[in-house]
Amino acid sequence: MDRDASPRYPFAMKKGDHLFLVDGSGYIFRAYHALPPLNRKSDGLPTNAVLGFCNMVWKLMRDARDTDVGVTPTHFAVIFDYSSKTFRNDLYPEYKANRSAPPEDLIPQFGLIRHATRAFSLPCVEMEGFEADDLIATYCRMAEEAGADATIISSDKDLMQLVSPAVSMYDPMKDRQIGIPEVIEKWGVPPEKMIDLQALTGDSIDNIPGVPGIGPKTAAQLLEQFGDLDTLLSRAEEIKQQKRRESIIENADKARLSRELVTLKRDVPVKEVPDDFVLEPSNGAKLLAFLKAMEFTTLTRRVAEATGTDAAEIEPADIPVERADSAHGPDMETAPAEAADETAGAAPAMDEGDTPSLLAALRAGAATAEKIDVDAYHTITDLQTLKDWIEEAFETGVVAFDTETTSLDPMQAELVGFSLATRPGRAAYVPLGHRQGAGDLLGGGPVEGQLPVREALAELKRLMEAPSVLKVAQNLKYDLVVMSRYGLDIAPYDDTMLISYVLDGGAARGHGMDSLAEKWLGHKTIQFGEVAGTGKSFIGFENVAIDKATRYAGEDADVTLRLWQVLKPRLAAKGLASVYERLERPLVPVLARMEQRGISVDRQILSRLSGELAQGAAAIEEEIYGLIGERINIGSPRQLGEILFGRMGLPGGSKTKTGQWSTSAQLLEDLAAEGHELPRKIVDWRQLTKLKSTYTDALPGYIHPETGRVHTNFALAATTTGRLSSSDPNLQNIPVRTAEGRKIRTAFVADKGFKLVSADYSQIELRVLAHVADIAQLKQAFAEGADIHAITASEMFGVPVEGMPSEVRRRAKAINFGIIYGISAFGLANQLSIPREEAGAYIKKYFERFPGIRDYIEATKTYAREFGYVETVFGRRIHYPEIRSPNPSVRAFNERASINARLQGTAADIIRRAMIRMEPALTEAGLSARMLLQVHDELIFEVADDEVGATIPVICDVMENAPMPARSLSVPLRVDARAALNWDEAH
DNA sequence: ACAGAAGCTTA
DNA sequence: GTAAGCTTCTGTT
């Protein structure tokens, strides 16, 4: 960087200038430990280090204007560590290796302090691969070369080597200046010999070896005698004391390595130069907005007084503690307060965003401070050791755990072992059901030396149910179902998968442990397949060797605990704690119970249906073969397309994106409408074979051998919008639209003496739309219980609701649904089979009648573009990292999705709230109804015959009032509920 | 044995 | 036009 060639800056640093360099990272730790714990009142966000930092900077800046102090900064910067990995780790892998993770309540403060720095209009400087100390050393050199002075705001002895006539240090906590005399007084050597002194003494905190037996006093004395380290090492034989002499000769290499480690790098290729640090006039409003957001009342008042600002008039800043992880596309999560920063010109260096620095700060602490070593985990095979570990968990108050089983299906899984982690790197596996000799016919016997399951579980139960110990798991619902079958409950708990889901819904591809470990810890986990095999080579976890299982299971617990340390504080920091605590965490046991209960499915009905479908399909098949003259595979779209559009030459053929003939139902329907016989038969055949293969044939295979019921799996963190999903089997897509399909629902039955009750929200997403977009006509229509589609049609086409043609209403209905899906002329045209121009005209007309909806759509798009996410009424965030894509179709897709997400997501939040409230409400009412299924806007219960009458009003009441008391919708919610012997009739 | 495409089911 | 999961076919490993 040749800034000497021609001065690019009007404020080039010159003689008489004074550069202040704050050791930000050092200060964070000192302030944290020096100050009592402090939490933001509104949400418990820990802020003690932030307050200490703000007080310190404020004092420095105020003193800067106070000429009495004599030292007036003209340039000012705050320097941070970028990550724990630096060039020193290449030199010496153990460097700082024994640093433990920062305390949990310090972690969110790393990011906040960077925000604080910017609120003070000060530059934040950091650089990958270098410590803050190296940057400080480099800037001190630059200042000295420019003839300026520098003051380092720190008391770290590692920085004392920089002290010179032009450079001094200042300890803000003790209000003490450190110059050359102070260094000599404290260490007995002048600053330039500090490097040699540290090389001899080492540093246990940073894991710098030094020479054993040499402390600061001895080192100073030796340096006094020999002058410098090299001379000392070359003439070590002259040392009189035998032990000292031997130690120095023996450890000369260690001393030289230590010297390399402690020598600060004064030529870091920095991006910013001191000229960039010219002290700007402070921006009182921006600073106050930050202080108010932190709820620092005293400091806010002081700053307001000093700057002559009325604090009451300033809105607290929206502090995103960090930005979205934006590997793809531009950085999004930039709140207004931050965006203003850019124009304030506070930190020219920060235009690359603070994401990496923040992630790094987090990783630096909790995650990579102690490396993940899968060989370090313990295997517990005796009761006393297990008791010791459990005791340890009681002491720490937090334990991560994971179960290892024989199956992915928690209702079938048998426990094989479990693992615990009490702190990062400290994990143990307790094998219980490992077997050996799987190859022989008997399936092998148990491995010797494992704890008896009963004894181990009795101990574990004590821990799992202890109110004083927080249990942390990844996808806790699985473990909850398994453990429940062994008689264990788990509470209280946290779930790292759900925390990630709340933090990064839409931004991350998945919330599985493997991807979370990679993302947050930079660690590649052992794959399950590597341990237990895949496909044909799958052996089941019970047949995995115990040492291998220990590495795998121990890692699971260790990683889970570390993830929790990294992720949990971020919830409060981003204002998402209540989403997690109210919409996610409490739903886990509710869903676990629903899954465990399962639903009765009548085998006979399915079997009979299957036969009927087979007959029907076979008959159609013959007709098809007759029409085309050969026996092709009708299930092959490729062969079908070849026949239809190739050989038979039917019109209207279109190609899919892979260049194949499209044989979609829509297209075949159109052909059938033109009078072609074959397409109709293909559509009919497909319907029958679909029903048979997906439902009547597959469902009986899911009937549990012991319970005789079907237990679906509800996924809490699978969708972007907050909806649940159901799988194995999916009970959220059981047919309902056709009469044939509905027969399958008759196989879902209540037990003898019970009824199935289905309760579903009427038009919930349209009601949410009416509320959030605040549309008077729609709100009124819902308040009056009117037909919403008819009202829409009436408004649009000027047709009275009375005697309205069904086609008119149908079109209005399609438009209403279109709005929810983020309408496009293309989509509406497809849905209604009308030209795109006509669809466009409808949409135009609709927006003329409901301008509020157009405004709502535009506002949502603008918001999503600005922040990269949208929020539901209950505060759930759904990220759209690609919404600013330069590709118009990608962008349009993200816009539609974000419009839909607010509505679908809010509806999902509402039914989640209802589900969480439901069981206590039923219990309070003395009712025994059991919730079995959720299908997005519908809940299905099994209710004793004699309780049906009393239960339905309770269910409806809970569902209709689910938004309360958190939110009150300006539109009433309506629920329809019915009881019957099977799902078809109840629906 | 696995992955992607096509197609179909639901809200 | 939104959000999911499952089955079959097809081609690749």
# chains A, B, ... in the order shown; residues from 1 in each chain; ligands from 1
$ interface_residues --of "chain A" --to "chain B" --cutoff "6 Å" --atoms "only C-alpha atoms (C1' of nucleotides)" --output "list of chain:residue names"
A:Gln732, A:Asn733, A:His936
$ residues_around --residues "region 533-544 of chain A" --least-positions-apart "5" --cutoff "10 Å" --atoms "only C-alpha atoms (C1' of nucleotides)" --output "number ranges by chain"
A: 404-407, 414-417, 431-439, 443-444, 446-447, 527-528, 549-550; B: 1-2
$ interface_residues --of "chain C" --to "chain A" --cutoff "8 Å" --atoms "only C-alpha atoms (C1' of nucleotides)" --output "MDAnalysis selection string"
chainID C and resid 1:9
$ select_by_dssp --residues "region 39-121 of chain A" --states "alpha helix (DSSP H)" --output "ChimeraX atom specification"
/A:48-65,87-91,107-119
$ select_by_dssp --residues "region 611-806 of chain A" --states "strand (DSSP E)" --output "list of chain:residue names"
A:Arg709, A:Val710, A:Asn713, A:Phe714, A:Ala715, A:Ser725, A:Ser726, A:Ser727, A:Phe748, A:Val749, A:Phe754, A:Lys755, A:Leu756, A:Val757, A:Ser758, A:Ala759, A:Asp760, A:Tyr761
$ closest_residue --among "A:His704, A:His18, A:Lys371, A:Arg597" --to "Glu94 (chain A)" --atoms "only C-alpha atoms"
A:Lys371
$ atom_distance --atom1 "CA of Tyr139 (chain A)" --atom2 "CA of Tyr170 (chain A)"
16.1 Å
$ residues_around --residues "Ala293 (chain A)" --least-positions-apart "3" --cutoff "12 Å" --atoms "only C-alpha atoms (C1' of nucleotides)" --output "VMD selection string"
chain A and resid 40 to 43 45 47 50 to 51 112 115 to 116 119 286 to 290 296 to 297 299 to 300 311 314 to 321 337 573 575
$ atom_distance --atom1 "CA of Thr707 (chain A)" --atom2 "CA of Arg930 (chain A)"
15.6 Å
